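Novice: Sending over a structure as structure tokens; questions will come in a sec.
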Amino acid sequence: LLTLCCIPALAVHAQTPAAAPPPPPPAAAGPVDAAKSLDVQLSFIEKDVVSLAEAMPADKYNFMPQASDFSASLKPEYTGVRTFGQEIAHVAQANYFYATMFSGLKPNTDVQAVGKGTDKEAAVASLKASFAFLHQAVATITAANAFDHAGRGPLDSRASIFAAVLAHNRDHYGQLVEYLRMNGILPPASQGRPLANPPKS
């Protein structure tokens, strides 16, 4: 009797299809174009930084955080920090510096003067021109020369200096986001995104 009772259960189990095996990993693709791959990342940060520079009103280009902007319980230190316009001009100047370092190209502009153009029109124009120069510089990087020596340190390479200019832009982007928010302006890259800490109902 015990044997007969188990037969239907075994039959049902035998009819249950086995789980499908996981799909095989995709076949490895060939190498991508080095310059085009890096240029994609440059375009991402360019969009964020340029839109940020354009979003700040011209009359706020001389804005800088000050201790008086904060509550008395905080002790912020903002002595000698750059204004918004100085930050944008600094990023533009640094873009030229890094691009020259990893590509050997020479900009057709006075880079020292770029760092002094802190009114909105001049600063935004210099920023856009510096990114255009960076795109030209990135086009010189290939898979064969990406790790050729460049820069000052013994381990600096064309690729690592390019990585440094991306990091430099992200660093200052993070600072400038706060400059906008302190003036009641939502950074363009944050518009339309869900709030990280939505108000509690």
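Residue numbering restarts at 1 in every chain; chains get A, B, ... in the order shown in the structure tokens, and ligands count up from 1 in that same order.
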Contacts between segment 164-170 of chain A and segment 70-124 of chain A, please, where a residue of segment 70-124 of chain A counts if it comes within 8 Å (with only C-alpha atoms); show its shortest atom pair and distance in Å to one decimal, rows by chain and ascending number, as a tab-separated table.
Specialist:
```
residue	atom	partner	partner_atom	distance
A:Val91	CA	A:Asn169	CA	6.7
A:Ala94	CA	A:Val165	CA	7.8
A:Asn95	CA	A:Val165	CA	6.6
A:Tyr98	CA	A:Val165	CA	6.1
```
Novice: Could you check how far atom CA of Ala113 of chain A sits from atom CA of Gln93 of chain A, in Å to one decimal?
Specialist: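 Atom-to-atom, atom CA of Ala113 of chain A to atom CA of Gln93 of chain A, that is 8.6 Å.
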Novice: Would you mind listing what lies within 10 Å of segment 42-50 of chain A as an MDAnalysis selection string, with only C-alpha atoms counted and same-chain residues fewer than 3 positions away left out?
Specialist: chainID A and resid 36:39 53:55 88 91 124:125 127:128 130:132 134:135 138 162:163 165:167 169:170 172:174 176:177 187:190
Novice: Considering only C-alpha atoms, can you say which of A:Ala196, A:Leu155, A:Ile141, A:Ile185 comes closest to Ala34 of chain A?
Specialist: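 With only C-alpha atoms as the atom set, the closest residue is A:Ile141.
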Novice: Choose the residue, out of A:Ala137, A:Ala146, A:Ala20, A:Ala92, that has the smallest atom-to-atom separation from Lys106 of chain A; count only C-alpha atoms.
Specialist: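 Smallest distance to Lys106 of chain A is found for A:Ala137.
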Novice: Would you please work out which residue, of A:Met64, A:Ala89, A:Ala159, A:Ala72, is nearest to Tyr179 of chain A when using only C-alpha atoms?
Specialist: A:Met64
Novice: Could you find all residues in segment 4-122 of chain A that DSSP calls helix (DSSP H, G or I) from the backbone, and write them as a PyMOL selection string?
Specialist: chain A and resi 4-15+34-55+58-60+67-69+84-103+111-114+120-122
Novice: Just checking: using only C-alpha atoms, which residue out of A:Ala123, A:Met182, A:Ala129, A:Val40 ends up closest to Gly85 of chain A?
Specialist: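 Looking only at the distances to Gly85 of chain A, the closest residue turns out to be A:Ala123.
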Novice: Taking only C-alpha atoms into account, name the residue in A:Leu186, A:Val114, A:Ile161, A:Ala144 that is nearest to Asp33 of chain A.
Specialist: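 Distance minimum relative to Asp33 of chain A lands on A:Ala144.
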Novice: Report, in Å with one decimal, the straight-line distance from atom CA of Met56 of chain A to atom CA of Ser68 of chain A.
Specialist: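 Here the two named atoms are 20.9 Å from each other.
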Novice: Could you pull the residues within 6 Å of Ala67 of chain A, counting only C-alpha atoms, minus those fewer than 2 positions along the same chain, as a list of chain:residue names?
Specialist: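 Listing them by chain and then by number gives A:Asp69, A:Phe70, A:Pro76.
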Novice: For the selection you just gave me, I'd like the residues written to a file as a PDB file, in the first residue's frame, keeping all heavy atoms.
Specialist:
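File written: result_38.pdb
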```pdb
ATOM      1  N   ASP A  69      25.947  83.028   5.877  1.00  0.00           N
ATOM      2  CA  ASP A  69      24.879  82.312   5.176  1.00  0.00           C
ATOM      3  C   ASP A  69      24.344  81.143   5.988  1.00  0.00           C
ATOM      4  O   ASP A  69      23.323  80.557   5.621  1.00  0.00           O
ATOM      5  CB  ASP A  69      25.382  81.771   3.831  1.00  0.00           C
ATOM      6  CG  ASP A  69      25.748  82.881   2.855  1.00  0.00           C
ATOM      7  OD1 ASP A  69      25.080  83.934   2.876  1.00  0.00           O
ATOM      8  OD2 ASP A  69      26.710  82.704   2.090  1.00  0.00           O
ATOM      9  N   PHE A  70      25.035  80.794   7.063  1.00  0.00           N
ATOM     10  CA  PHE A  70      24.696  79.599   7.834  1.00  0.00           C
ATOM     11  C   PHE A  70      24.187  79.962   9.224  1.00  0.00           C
ATOM     12  O   PHE A  70      24.391  81.077   9.705  1.00  0.00           O
ATOM     13  CB  PHE A  70      25.920  78.685   7.940  1.00  0.00           C
ATOM     14  CG  PHE A  70      26.415  78.206   6.607  1.00  0.00           C
ATOM     15  CD1 PHE A  70      27.299  78.975   5.858  1.00  0.00           C
ATOM     16  CD2 PHE A  70      25.988  76.998   6.081  1.00  0.00           C
ATOM     17  CE1 PHE A  70      27.746  78.547   4.616  1.00  0.00           C
ATOM     18  CE2 PHE A  70      26.428  76.561   4.849  1.00  0.00           C
ATOM     19  CZ  PHE A  70      27.314  77.340   4.110  1.00  0.00           C
ATOM     20  N   PRO A  76      31.194  77.344   9.688  1.00  0.00           N
ATOM     21  CA  PRO A  76      31.796  77.046   8.386  1.00  0.00           C
ATOM     22  C   PRO A  76      33.033  77.901   8.130  1.00  0.00           C
ATOM     23  O   PRO A  76      33.163  79.004   8.675  1.00  0.00           O
ATOM     24  CB  PRO A  76      30.683  77.396   7.403  1.00  0.00           C
ATOM     25  CG  PRO A  76      29.916  78.477   8.099  1.00  0.00           C
ATOM     26  CD  PRO A  76      29.944  78.092   9.561  1.00  0.00           C
TER      27      PRO A  76
END
```
Novice: Between atom CA of Ser103 of chain A and atom CA of Ala150 of chain A, what is the distance, to one decimal in Å?
Specialist: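 That distance, rounded to one decimal, is 8.2 Å.
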